file run-v7.cif (mmCIF, C-alpha atoms)
data_my_file
#
loop_
_atom_site.label_atom_id
_atom_site.label_comp_id
_atom_site.auth_asym_id
_atom_site.auth_seq_id
_atom_site.Cartn_x
_atom_site.Cartn_y
_atom_site.Cartn_z
CA MET A 1 0.00 0.00 0.00
CA ILE A 2 2.49 2.95 0.47
CA SER A 3 5.13 4.37 -1.77
CA LYS A 4 7.13 3.39 -4.75
CA ILE A 5 10.26 4.63 -6.40
CA VAL A 6 9.21 5.86 -9.82
CA LYS A 7 11.45 5.68 -12.86
CA SER A 8 12.21 9.39 -12.72
CA GLY A 9 13.91 8.85 -9.39
CA LEU A 10 11.22 10.62 -7.36
CA THR A 11 9.72 8.80 -4.42
CA ARG A 12 6.02 8.07 -4.54
CA ARG A 13 5.70 10.17 -1.39
CA THR A 14 7.03 13.20 -3.30
CA PHE A 15 4.83 12.34 -6.29
CA LEU A 16 1.70 12.15 -4.14
CA LYS A 17 2.47 15.48 -2.49
CA SER A 18 2.73 17.07 -5.92
CA THR A 19 -0.49 15.52 -7.21
CA ALA A 20 -2.73 15.62 -4.14
CA VAL A 21 -3.61 19.24 -4.80
CA THR A 22 -5.48 18.03 -7.88
CA ALA A 23 -7.46 15.37 -6.00
CA MET A 24 -11.01 16.69 -6.20
CA SER A 25 -14.53 15.38 -6.02
CA ALA A 26 -14.83 12.35 -8.25
CA GLY A 27 -17.62 11.22 -10.54
CA LEU A 28 -19.60 13.50 -12.83
CA PRO A 29 -23.37 12.95 -13.00
CA GLY A 30 -24.58 10.95 -15.97
CA ALA A 31 -26.43 12.87 -18.66
CA SER A 32 -29.70 11.09 -17.88
CA LEU A 33 -29.71 12.18 -14.23
CA ALA A 34 -31.51 15.28 -13.08
CA ALA A 35 -29.29 18.16 -12.05
CA GLY A 36 -28.97 18.42 -8.27
CA ASN A 37 -29.92 14.79 -7.64
CA THR A 38 -26.55 13.93 -6.13
CA ILE A 39 -25.43 11.81 -3.20
CA ARG A 40 -22.12 12.89 -1.72
CA ILE A 41 -19.73 10.34 -0.22
CA GLY A 42 -16.87 11.39 2.04
CA PHE A 43 -13.35 10.10 1.40
CA LEU A 44 -11.35 10.76 4.56
CA ALA A 45 -7.89 9.29 4.14
CA PRO A 46 -4.21 10.21 3.78
CA LEU A 47 -3.61 11.72 0.34
CA THR A 48 -0.14 13.03 1.16
CA GLY A 49 2.63 11.86 3.46
CA ALA A 50 4.03 8.47 4.38
CA VAL A 51 0.70 6.63 4.29
CA ALA A 52 -0.65 8.29 1.13
CA ALA A 53 -0.62 5.17 -1.01
CA TRP A 54 -3.25 3.64 1.28
CA GLY A 55 -5.50 6.58 0.40
CA LYS A 56 -4.82 8.25 -2.95
CA PRO A 57 -5.04 5.13 -5.17
CA GLY A 58 -8.35 4.31 -3.47
CA LEU A 59 -9.73 7.72 -4.40
CA ASP A 60 -8.56 7.17 -7.97
CA GLY A 61 -10.40 3.84 -8.00
CA CYS A 62 -13.54 5.51 -6.64
CA GLN A 63 -13.52 7.94 -9.54
CA ILE A 64 -13.67 5.04 -11.98
CA TRP A 65 -16.42 3.42 -9.90
CA ALA A 66 -18.47 6.64 -9.83
CA GLU A 67 -18.22 7.17 -13.57
CA ARG A 68 -19.37 3.62 -14.20
CA VAL A 69 -22.31 3.90 -11.83
CA ASN A 70 -23.40 7.33 -13.05
CA ALA A 71 -23.19 6.26 -16.68
CA ALA A 72 -25.48 3.32 -15.83
CA GLY A 73 -28.15 5.55 -14.27
CA GLY A 74 -26.77 6.24 -10.81
CA ILE A 75 -28.10 5.16 -7.43
CA LYS A 76 -31.78 4.18 -7.65
CA LEU A 77 -33.66 5.11 -4.47
CA SER A 78 -37.35 5.20 -3.67
CA ASP A 79 -37.69 8.85 -4.71
CA GLY A 80 -35.61 8.67 -7.90
CA SER A 81 -32.14 8.18 -9.29
CA TYR A 82 -29.10 9.97 -7.95
CA SER A 83 -25.61 10.50 -9.24
CA VAL A 84 -22.77 9.89 -6.81
CA GLU A 85 -19.96 12.32 -6.05
CA PHE A 86 -16.92 11.81 -3.84
CA VAL A 87 -15.71 14.62 -1.62
CA SER A 88 -12.18 14.03 -0.36
CA TYR A 89 -10.33 15.36 2.67
CA ASP A 90 -6.63 14.70 3.20
CA ASN A 91 -6.17 13.74 6.84
CA GLU A 92 -2.41 13.15 6.34
CA TYR A 93 -2.78 10.17 8.70
CA ASP A 94 -3.16 12.60 11.60
CA PRO A 95 -5.96 12.03 14.17
CA ALA A 96 -6.64 15.74 14.73
CA LYS A 97 -6.87 16.45 11.01
CA ALA A 98 -9.08 13.40 10.58
CA ARG A 99 -11.48 14.76 13.19
CA THR A 100 -11.56 18.16 11.46
CA GLY A 101 -12.15 16.45 8.13
CA ALA A 102 -14.99 14.30 9.44
CA THR A 103 -16.73 17.35 10.89
CA LYS A 104 -16.37 19.29 7.64
CA LEU A 105 -17.58 16.43 5.47
CA ILE A 106 -20.73 16.02 7.59
CA ARG A 107 -21.58 19.63 8.42
CA GLU A 108 -20.44 21.48 5.30
CA ASP A 109 -20.44 18.90 2.52
CA GLY A 110 -23.53 16.96 3.55
CA VAL A 111 -22.14 13.49 2.91
CA SER A 112 -24.20 10.36 3.49
CA PHE A 113 -21.29 7.99 4.21
CA ILE A 114 -17.58 8.38 5.01
CA MET A 115 -14.84 5.94 4.03
CA MET A 116 -11.57 5.88 5.97
CA LEU A 117 -8.32 3.96 6.05
CA GLY A 118 -8.59 3.94 9.84
CA GLY A 119 -5.78 2.98 12.19
CA ASP A 120 -4.18 5.84 14.10
CA THR A 121 -6.73 8.31 12.69
CA TRP A 122 -9.86 6.55 13.97
CA PRO A 123 -9.57 7.70 17.63
CA GLY A 124 -9.72 11.28 16.36
CA VAL A 125 -12.90 10.60 14.40
CA GLN A 126 -14.75 8.35 16.86
CA PRO A 127 -16.27 11.22 18.91
CA VAL A 128 -17.68 12.69 15.69
CA ALA A 129 -19.18 9.33 14.74
CA ASP A 130 -20.69 8.93 18.20
CA LYS A 131 -22.20 12.42 18.18
CA THR A 132 -23.60 12.43 14.64
CA GLY A 133 -24.48 8.77 14.03
CA MET A 134 -22.74 8.97 10.65
CA LEU A 135 -21.89 5.63 9.02
CA PHE A 136 -18.12 5.20 8.62
CA SER A 137 -16.06 2.40 7.08
CA THR A 138 -12.50 1.38 7.88
CA LEU A 139 -10.01 -0.89 6.15
CA LEU A 140 -8.79 -2.00 9.58
CA PRO A 141 -11.23 -4.14 11.60
CA SER A 142 -8.88 -3.71 14.55
CA ASP A 143 -10.54 -0.26 14.87
CA LEU A 144 -13.85 -1.94 15.69
CA SER A 145 -15.36 -2.06 19.17
CA PRO A 146 -18.88 -2.13 20.63
CA ASP A 147 -18.31 1.49 21.67
CA THR A 148 -19.19 2.63 18.13
CA ASN A 149 -21.80 0.68 16.19
CA THR A 150 -21.70 2.96 13.13
CA LEU A 151 -18.19 1.83 12.12
CA ILE A 152 -18.02 -1.10 9.68
CA ALA A 153 -15.22 -3.03 7.99
CA PRO A 154 -16.84 -4.39 4.81
CA ALA A 155 -13.82 -4.85 2.51
CA GLU A 156 -10.45 -5.44 4.10
CA VAL A 157 -10.18 -7.66 7.15
CA HIS A 158 -6.73 -6.57 8.23
CA PRO A 159 -4.90 -8.13 9.90
CA ILE A 160 -6.63 -11.48 10.24
CA TYR A 161 -6.42 -12.38 6.54
CA ASN A 162 -2.64 -12.67 7.03
CA VAL A 163 -3.18 -16.11 8.56
CA THR A 164 -4.06 -17.42 5.10
CA GLY A 165 -0.61 -16.73 3.65
CA VAL A 166 1.16 -18.48 6.51
CA GLU A 167 -1.21 -21.47 6.34
CA TRP A 168 -0.61 -21.78 2.59
CA LEU A 169 3.17 -21.59 3.06
CA ALA A 170 3.14 -24.28 5.74
CA GLU A 171 1.18 -26.65 3.50
CA ASN A 172 3.05 -25.99 0.28
CA LYS A 173 6.58 -25.48 1.62
CA PRO A 174 6.75 -27.73 4.69
CA GLU A 175 10.54 -27.50 4.72
CA LEU A 176 10.24 -23.96 6.10
CA LYS A 177 10.55 -24.38 9.88
CA THR A 178 11.74 -21.05 11.34
CA ALA A 179 10.83 -17.37 11.00
CA VAL A 180 11.67 -13.85 12.11
CA MET A 181 9.55 -10.72 11.79
CA CYS A 182 9.81 -6.94 11.79
CA ALA A 183 7.18 -4.17 11.85
CA GLN A 184 6.77 -0.48 12.52
CA ASP A 185 5.53 0.13 16.05
CA ASP A 186 2.08 1.61 15.38
CA ALA A 187 -1.64 0.82 15.07
CA LEU A 188 -1.12 -0.92 11.73
CA GLY A 189 1.92 -2.93 12.73
CA LEU A 190 1.02 -4.26 16.18
CA PRO A 191 -2.25 -6.14 15.50
CA SER A 192 -0.60 -7.64 12.43
CA VAL A 193 2.36 -8.81 14.54
CA ALA A 194 -0.06 -10.59 16.87
CA THR A 195 -1.82 -12.19 13.90
CA TYR A 196 1.36 -13.47 12.27
CA LEU A 197 2.58 -14.85 15.61
CA ALA A 198 -0.68 -16.79 15.96
CA ALA A 199 -0.46 -18.03 12.37
CA PHE A 200 3.14 -19.20 12.74
CA GLU A 201 2.32 -20.95 16.01
CA ALA A 202 -0.69 -22.67 14.44
CA ALA A 203 1.48 -23.81 11.52
CA GLY A 204 4.23 -25.17 13.78
CA ILE A 205 6.78 -22.63 12.51
CA LYS A 206 9.22 -21.52 15.22
CA MET A 207 9.99 -17.87 15.85
CA LEU A 208 13.74 -17.47 16.33
CA ASP A 209 13.40 -14.12 18.07
CA ALA A 210 10.78 -11.69 19.32
CA PRO A 211 9.34 -9.44 16.57
CA LEU A 212 11.66 -6.54 15.83
CA LEU A 213 9.61 -3.37 16.27
CA PHE A 214 11.19 -0.27 14.74
CA ASP A 215 10.33 3.39 15.02
CA PRO A 216 8.12 4.61 12.13
CA ALA A 217 10.72 7.36 11.56
CA THR A 218 13.35 4.75 10.61
CA THR A 219 15.09 5.37 7.28
CA ASP A 220 18.18 3.14 7.51
CA PHE A 221 17.11 -0.49 7.33
CA ALA A 222 20.52 -2.09 6.98
CA PRO A 223 20.84 -2.69 10.76
CA VAL A 224 17.26 -3.96 10.92
CA VAL A 225 17.93 -6.55 8.24
CA THR A 226 21.32 -7.52 9.68
CA ARG A 227 19.65 -8.32 12.98
CA LEU A 228 16.71 -10.08 11.30
CA ILE A 229 18.81 -12.57 9.39
CA SER A 230 21.54 -13.06 12.00
CA LYS A 231 19.99 -16.36 13.14
CA ASP A 232 19.62 -17.73 9.60
CA PRO A 233 15.79 -17.99 9.44
CA ASP A 234 13.91 -19.88 6.75
CA ILE A 235 11.27 -17.11 6.58
CA VAL A 236 11.49 -13.34 6.93
CA CYS A 237 8.06 -11.80 7.63
CA LEU A 238 7.59 -8.11 6.88
CA ASP A 239 4.26 -7.92 8.70
CA THR A 240 2.14 -4.94 7.54
CA CYS A 241 5.11 -2.70 6.88
CA TYR A 242 4.44 0.35 4.73
CA SER A 243 5.89 0.17 1.24
CA ASP A 244 8.32 2.90 2.27
CA TYR A 245 9.73 0.16 4.50
CA VAL A 246 9.05 -2.99 2.46
CA HIS A 247 11.05 -1.70 -0.49
CA PRO A 248 14.30 -0.83 1.35
CA ILE A 249 14.02 -3.94 3.54
CA ALA A 250 13.71 -6.16 0.47
CA GLU A 251 16.66 -4.37 -1.12
CA GLN A 252 18.73 -4.92 2.03
CA LEU A 253 17.75 -8.59 2.18
CA PHE A 254 18.98 -8.91 -1.40
CA GLN A 255 22.22 -7.02 -0.75
CA GLN A 256 22.92 -8.97 2.44
CA GLY A 257 22.48 -12.28 0.64
CA PHE A 258 19.24 -13.65 2.10
CA LYS A 259 18.13 -16.70 0.12
CA GLY A 260 15.05 -17.77 2.06
CA GLN A 261 11.30 -17.12 1.91
CA ILE A 262 9.76 -13.65 2.28
CA ILE A 263 6.16 -13.13 3.34
CA SER A 264 4.47 -9.76 3.75
CA CYS A 265 0.97 -8.38 4.04
CA THR A 266 1.54 -6.26 0.93
CA ALA A 267 3.99 -5.98 -1.97
CA ASP A 268 2.75 -2.80 -3.60
CA PHE A 269 4.70 -1.71 -6.67
CA TYR A 270 6.57 -5.02 -6.64
CA ASP A 271 7.91 -4.30 -10.12
CA GLN A 272 10.12 -1.68 -8.51
CA MET A 273 11.37 -4.20 -5.94
CA ILE A 274 12.22 -6.59 -8.77
CA ALA A 275 14.10 -3.80 -10.56
CA LYS A 276 16.16 -3.07 -7.43
CA THR A 277 16.82 -6.74 -6.63
CA SER A 278 16.16 -9.38 -9.26
CA GLU A 279 13.32 -11.49 -10.61
CA GLU A 280 14.98 -14.55 -9.11
CA PHE A 281 15.20 -12.94 -5.66
CA MET A 282 11.52 -11.96 -5.69
CA GLU A 283 10.32 -15.34 -7.00
CA GLY A 284 7.87 -16.86 -4.54
CA PHE A 285 7.39 -13.70 -2.46
CA VAL A 286 4.04 -14.30 -0.69
CA PHE A 287 1.56 -11.55 0.11
CA GLN A 288 -2.20 -10.90 0.24
CA PHE A 289 -3.23 -8.50 -2.53
CA PRO A 290 -3.73 -9.56 -6.18
CA ASP A 291 -3.50 -7.61 -9.38
CA PHE A 292 -7.00 -7.46 -10.79
CA ASP A 293 -6.02 -8.82 -14.18
CA ASP A 294 -5.61 -12.20 -12.47
CA PRO A 295 -7.67 -14.92 -14.22
CA ALA A 296 -8.71 -16.29 -10.80
CA LEU A 297 -10.83 -13.16 -10.31
CA ASN A 298 -13.15 -14.13 -13.15
CA GLY A 299 -14.79 -16.95 -11.19
CA ASP A 300 -18.41 -17.09 -10.11
CA ASN A 301 -17.37 -16.50 -6.49
CA ILE A 302 -16.13 -12.97 -7.24
CA ASN A 303 -18.48 -10.09 -6.47
CA PHE A 304 -16.41 -7.26 -7.97
CA THR A 305 -17.81 -6.19 -11.36
CA ASP A 306 -15.39 -6.61 -14.28
CA PRO A 307 -12.17 -6.72 -12.24
CA ASN A 308 -9.99 -7.10 -15.35
CA GLY A 309 -11.59 -4.07 -17.00
CA PHE A 310 -11.32 -2.03 -13.80
CA TYR A 311 -7.62 -2.91 -13.55
CA ALA A 312 -6.99 -1.99 -17.17
CA GLU A 313 -8.76 1.36 -16.82
CA PHE A 314 -6.97 2.17 -13.59
CA ASN A 315 -3.59 1.47 -15.15
CA ARG A 316 -4.49 3.44 -18.27
CA ARG A 317 -5.18 6.50 -16.12
CA HIS A 318 -2.56 5.92 -13.45
CA PRO A 319 0.21 3.80 -14.97
CA GLY A 320 2.38 2.08 -12.40
CA GLN A 321 0.25 3.24 -9.47
CA TRP A 322 -1.89 0.13 -8.82
CA GLY A 323 -1.73 -0.87 -5.16
CA ALA A 324 -3.53 -2.79 -2.46
CA VAL A 325 -6.25 -0.18 -1.90
CA SER A 326 -6.91 0.69 -5.55
CA TRP A 327 -10.00 -1.54 -5.55
CA GLU A 328 -10.96 -1.68 -1.86
CA TYR A 329 -12.86 1.57 -1.46
CA ALA A 330 -14.69 0.87 -4.74
CA SER A 331 -15.63 -2.55 -3.35
CA ILE A 332 -17.04 -0.89 -0.24
CA MET A 333 -19.11 1.34 -2.51
CA ASP A 334 -20.56 -1.72 -4.26
CA LEU A 335 -21.87 -2.87 -0.87
CA TRP A 336 -23.07 0.61 0.06
CA LYS A 337 -24.90 1.05 -3.26
CA ALA A 338 -26.64 -2.33 -2.94
CA ALA A 339 -27.71 -1.52 0.63
CA ALA A 340 -28.95 1.99 -0.24
CA GLU A 341 -31.00 0.66 -3.15
CA LYS A 342 -32.37 -2.14 -0.98
CA ALA A 343 -33.37 0.39 1.69
CA GLY A 344 -34.56 2.93 -0.86
CA SER A 345 -32.63 5.56 1.06
CA ALA A 346 -29.12 6.96 1.52
CA SER A 347 -29.77 7.59 5.23
CA PRO A 348 -26.84 6.19 7.28
CA ASP A 349 -29.21 4.31 9.59
CA ALA A 350 -31.18 2.73 6.76
CA VAL A 351 -28.07 1.76 4.81
CA ALA A 352 -26.43 0.19 7.86
CA VAL A 353 -29.46 -1.98 8.57
CA ALA A 354 -29.82 -3.08 4.95
CA MET A 355 -26.11 -3.77 4.56
CA LYS A 356 -26.01 -6.16 7.51
CA GLU A 357 -29.08 -8.21 6.56
CA GLY A 358 -27.95 -11.71 5.63
CA LYS A 359 -24.67 -12.50 3.94
CA GLY A 360 -22.60 -9.75 2.41
CA LYS A 361 -21.27 -9.69 -1.16
CA HIS A 362 -17.59 -9.36 -0.34
CA ALA A 363 -15.27 -8.88 -3.33
CA PHE A 364 -13.84 -12.38 -2.91
CA GLY A 365 -17.10 -14.21 -2.25
CA ASP A 366 -20.14 -14.20 -0.02
CA ALA A 367 -19.17 -13.52 3.59
CA ASP A 368 -20.63 -13.20 7.08
CA TRP A 369 -20.78 -10.24 9.41
CA TRP A 370 -18.50 -11.37 12.19
CA GLY A 371 -16.22 -10.15 14.94
CA THR A 372 -17.80 -10.25 18.40
CA GLU A 373 -15.15 -12.61 19.78
CA LEU A 374 -12.27 -10.49 18.53
CA PHE A 375 -13.66 -6.97 18.14
CA GLY A 376 -16.66 -6.99 20.47
CA ILE A 377 -19.08 -6.41 17.58
CA ASP A 378 -20.11 -8.23 14.38
CA ASN A 379 -19.23 -5.34 12.05
CA ALA A 380 -16.51 -6.99 9.95
CA LEU A 381 -17.42 -8.80 6.74
CA VAL A 382 -15.30 -11.95 6.86
CA GLY A 383 -15.00 -14.81 4.40
CA ASP A 384 -12.34 -15.97 1.94
CA TRP A 385 -9.16 -14.08 1.11
CA PRO A 386 -6.57 -14.71 -1.62
CA VAL A 387 -3.00 -15.86 -1.13
CA VAL A 388 -0.74 -14.27 -3.75
CA ALA A 389 2.79 -15.15 -4.84
CA ILE A 390 5.14 -13.57 -7.36
CA GLU A 391 5.96 -15.98 -10.19
CA GLY A 392 8.09 -14.99 -13.16
CA GLY A 393 7.87 -11.35 -12.16
CA LYS A 394 4.04 -11.31 -11.93
CA ALA A 395 1.67 -11.58 -8.96
CA ARG A 396 -0.61 -14.61 -9.17
CA ILE A 397 -3.38 -15.85 -6.88
CA LYS A 398 -2.37 -19.26 -5.56
CA ASP A 399 -5.48 -20.00 -3.52
CA PHE A 400 -8.49 -18.58 -1.72
CA ARG A 401 -8.54 -19.49 1.98
CA SER A 402 -11.33 -19.21 4.54
CA ILE A 403 -10.58 -16.90 7.45
CA PRO A 404 -13.55 -18.18 9.54
CA ASP A 405 -12.37 -21.77 9.07
CA TRP A 406 -8.90 -20.89 10.33
CA TYR A 407 -10.36 -18.98 13.27
CA ALA A 408 -12.62 -21.90 14.21
CA ARG A 409 -9.48 -24.02 14.59
CA HIS A 410 -7.01 -21.50 16.00
CA GLY A 411 -8.96 -18.54 17.34
CA ASP A 412 -7.62 -19.09 20.85
CA LEU A 413 -4.09 -18.48 19.56
CA LEU A 414 -5.10 -15.23 17.90
CA VAL A 415 -6.80 -13.97 21.05
CA LYS A 416 -3.76 -14.96 23.11
CA HIS A 417 -1.35 -12.97 20.97
CA MET A 418 -3.72 -10.02 20.55
CA LYS A 419 -3.95 -9.78 24.35
CA ALA A 420 -0.17 -9.98 24.66
CA TYR A 421 0.13 -6.88 22.46
CA ASP A 422 -2.83 -5.07 24.07
CA GLN A 423 -4.78 -5.21 20.80
CA MET A 424 -8.10 -6.64 21.97
CA TRP A 425 -10.96 -4.17 21.76
CA ASP A 426 -11.40 -3.89 25.50
CA GLN A 427 -7.67 -3.25 25.97
CA ARG A 428 -7.64 -0.56 23.29
CA SER A 429 -10.68 1.14 24.79
#
call {"tool": "encode", "arguments": {"input": "run-v7.cif", "output": "structure tokens"}}
result
Amino acid sequence: MISKIVKSGLTRRTFLKSTAVTAMSAGLPGASLAAGNTIRIGFLAPLTGAVAAWGKPGLDGCQIWAERVNAAGGIKLSDGSYSVEFVSYDNEYDPAKARTGATKLIREDGVSFIMMLGGDTWPGVQPVADKTGMLFSTLLPSDLSPDTNTLIAPAEVHPIYNVTGVEWLAENKPELKTAVMCAQDDALGLPSVATYLAAFEAAGIKMLDAPLLFDPATTDFAPVVTRLISKDPDIVCLDTCYSDYVHPIAEQLFQQGFKGQIISCTADFYDQMIAKTSEEFMEGFVFQFPDFDDPALNGDNINFTDPNGFYAEFNRRHPGQWGAVSWEYASIMDLWKAAAEKAGSASPDAVAVAMKEGKGKHAFGDADWWGTELFGIDNALVGDWPVVAIEGGKARIKDFRSIPDWYARHGDLLVKHMKAYDQMWDQRS
């Protein structure tokens, strides 16, 4: 999800700072829609800074989604058809700015729904959600708690989907017996650390050392990698490191001669990692986010409309910028649109009720609203998730694995490790 080194030599962070000023409301009304019949959706995420690539590509994907929907007649409610328009606010991954943005989007822009990345910014927004009753979404179910019932996680089930990659590795590469892990010490890294520890324990893979937690301000990763590989592990796990970290860590692993298995939550802009290392070094790199031109996404289980076409259009408009979140916010909007049309209303209360009736059409298959055991509330849409590996320089889906099935067998381990890192909902509260 975060940054990439572009061919010009600029970092993606610099690129996003230069382009974020042009990020405006997305989605022009279709010609057949009456002027003024518009539903506004808030996009409250980092568009600049170190976490921008978990926001900006998602807004770009939403623009494509809005144009498709508006061209097809818009959102059909009980009192007519509406176009959809996205109103963005750059929270720079800062809780105070996120709170200001949420207030503005509700009071001044009149949005009916607000999508967020979540994480460290959610505590700033939660009082606004509690006061207004606005429906919010997060890409991080670890934000969920029974304290706020208007927060949902309908697309990404971070970090619990990471168990699927470890399970797949253990079954397909049983010779891998030991692992080490590193992560930035923040609200994205810590719950993921707990999840990977549970997954490795369930798979019988031994941790050679405690997870190496580094300061998010770290820029020199040579010492981090030296320490990671000092005990000659079979697996190096990069947890949910930002791409600003994944890229230099992978480069250091290559330069320091690591020959083992790498697993990571994400591998955004992996072509740039291949360019800085080698295709051979990156062969078999396991992560959790597919390219949407993958043939496996054309199956009947997939609930994302025309994934191959969406991927092609995204890359036509934003070449080289596809990342983990490029499709996720659009996927959330598919669920929101279906719920609004079912309810006949864009009211946050009505949409929330309609969305949670029965199974949900998650991008990777039908899924259940789940989470009470882990998050204190059933507001996460959980089902299957893909395991992805790089083969011949291209990401390919290797399997779809059931998160609920894994949890039914090993949920006690996940709770144990979440508690050890103070990541259970009641500890966070």
call {"tool": "closest_residue", "arguments": {"input": "run-v7.cif", "among": "A:Phe310, A:Tyr82, A:Tyr93, A:Tyr196", "to": "Cys237 (chain A)", "atoms": "all atoms listed in the file"}}
result
A:Tyr196
call {"tool": "residues_around", "arguments": {"input": "run-v7.cif", "residues": "Val51 (chain A)", "least_positions_apart": "2", "cutoff": "7 Å", "atoms": "only C-alpha atoms", "output": "CSV table (one decimal) with C-alpha atoms, keeping the file's coordinate frame"}}
result
chain,number,residue,atom,x,y,z
A,2,ILE,CA,2.5,3.0,0.5
A,46,PRO,CA,-4.2,10.2,3.8
A,49,GLY,CA,2.6,11.9,3.5
A,53,ALA,CA,-0.6,5.2,-1.0
A,54,TRP,CA,-3.2,3.6,1.3
A,93,TYR,CA,-2.8,10.2,8.7
call {"tool": "closest_atom_pairs", "arguments": {"input": "run-v7.cif", "of": "region 337-369 of chain A", "to": "region 285-305 of chain A", "cutoff": "12 Å", "atoms": "all atoms listed in the file", "output": "JSON lines"}}
result
{"residue": "A:Ala338", "atom": "CA", "partner": "A:Asn303", "partner_atom": "CA", "distance": 11.8}
{"residue": "A:Gly360", "atom": "CA", "partner": "A:Asn303", "partner_atom": "CA", "distance": 9.8}
{"residue": "A:Lys361", "atom": "CA", "partner": "A:Asn303", "partner_atom": "CA", "distance": 6.0}
{"residue": "A:His362", "atom": "CA", "partner": "A:Asn303", "partner_atom": "CA", "distance": 6.2}
{"residue": "A:Ala363", "atom": "CA", "partner": "A:Asn303", "partner_atom": "CA", "distance": 4.7}
{"residue": "A:Phe364", "atom": "CA", "partner": "A:Ile302", "partner_atom": "CA", "distance": 4.9}
{"residue": "A:Gly365", "atom": "CA", "partner": "A:Asn301", "partner_atom": "CA", "distance": 4.8}
{"residue": "A:Asp366", "atom": "CA", "partner": "A:Asn301", "partner_atom": "CA", "distance": 7.4}
{"residue": "A:Ala367", "atom": "CA", "partner": "A:Asn303", "partner_atom": "CA", "distance": 10.7}
call {"tool": "write_last_selection", "arguments": {"input": "run-v7.cif", "atoms": "C-alpha atoms", "output": "PDB file, in the coordinates of the input"}}
result
ATOM      1  CA  ALA A 338     -26.640  -2.330  -2.940  1.00  0.00           C
ATOM      2  CA  GLY A 360     -22.600  -9.750   2.410  1.00  0.00           C
ATOM      3  CA  LYS A 361     -21.270  -9.690  -1.160  1.00  0.00           C
ATOM      4  CA  HIS A 362     -17.590  -9.360  -0.340  1.00  0.00           C
ATOM      5  CA  ALA A 363     -15.270  -8.880  -3.330  1.00  0.00           C
ATOM      6  CA  PHE A 364     -13.840 -12.380  -2.910  1.00  0.00           C
ATOM      7  CA  GLY A 365     -17.100 -14.210  -2.250  1.00  0.00           C
ATOM      8  CA  ASP A 366     -20.140 -14.200  -0.020  1.00  0.00           C
ATOM      9  CA  ALA A 367     -19.170 -13.520   3.590  1.00  0.00           C
TER      10      ALA A 367
END
call {"tool": "resolve_selection", "arguments": {"input": "run-v7.cif", "expression": "the PyMOL selection byres ((chain A and resi 390-403) around 6)", "output": "list in words"}}
result
Thr164, Glu279, Glu283, Gly284, Phe285, Gly383, Asp384, Trp385, Pro386, Val387, Val388, Ala389, Pro404, Asp405 and Trp406 of chain A
call {"tool": "residues_around", "arguments": {"input": "run-v7.cif", "residues": "Ala330 (chain A)", "least_positions_apart": "6", "cutoff": "7 Å", "atoms": "all atoms listed in the file", "output": "PyMOL selection string"}}
result
chain A and resi 61-62+65
call {"tool": "atom_distance", "arguments": {"input": "run-v7.cif", "atom1": "CA of Gly118 (chain A)", "atom2": "CA of Gln63 (chain A)"}}
result
20.4 Å
call {"tool": "resolve_selection", "arguments": {"input": "run-v7.cif", "expression": "the PyMOL selection byres ((chain A and resi 133) around 9)", "output": "PyMOL selection string"}}
result
chain A and resi 128-132+134-135+149-150+348-349
call {"tool": "closest_residue", "arguments": {"input": "run-v7.cif", "among": "A:Asn308, A:Ser88, A:Gln272, A:Gln321", "to": "Ala102 (chain A)", "atoms": "only C-alpha atoms"}}
result
A:Ser88
call {"tool": "residues_around", "arguments": {"input": "run-v7.cif", "residues": "Gly257 (chain A)", "least_positions_apart": "5", "cutoff": "10 Å", "atoms": "only C-alpha atoms", "output": "CSV table (one decimal) with C-alpha atoms, in the coordinates of the input"}}
result
chain,number,residue,atom,x,y,z
A,229,ILE,CA,18.8,-12.6,9.4
A,251,GLU,CA,16.7,-4.4,-1.1
A,252,GLN,CA,18.7,-4.9,2.0
A,281,PHE,CA,15.2,-12.9,-5.7
call {"tool": "atom_distance", "arguments": {"input": "run-v7.cif", "atom1": "CA of Asp185 (chain A)", "atom2": "CA of Leu59 (chain A)"}}
result
26.6 Å
call {"tool": "resolve_selection", "arguments": {"input": "run-v7.cif", "expression": "the PyMOL selection byres ((chain A and resi 220) around 10)", "output": "list in words"}}
result
Ala217, Thr218, Thr219, Phe221, Ala222, Pro223, Val224, Val225, Tyr245, Pro248, Ile249 and Gln252 of chain A
call {"tool": "closest_residue", "arguments": {"input": "run-v7.cif", "among": "A:Gly74, A:Gly42, A:Gly80, A:Pro127", "to": "Asp109 (chain A)", "atoms": "only C-alpha atoms"}}
result
A:Gly42
call {"tool": "residues_near_point", "arguments": {"input": "run-v7.cif", "point": "(0.3, -19.5, 5.9)", "cutoff": "10 Å", "atoms": "all atoms listed in the file", "output": "PyMOL selection string"}}
result
chain A and resi 161-173+196+199-200+202-203+205+263+286-287+387+401
call {"tool": "atom_distance", "arguments": {"input": "run-v7.cif", "atom1": "CA of Asn379 (chain A)", "atom2": "CA of Met418 (chain A)"}}
result
18.3 Å
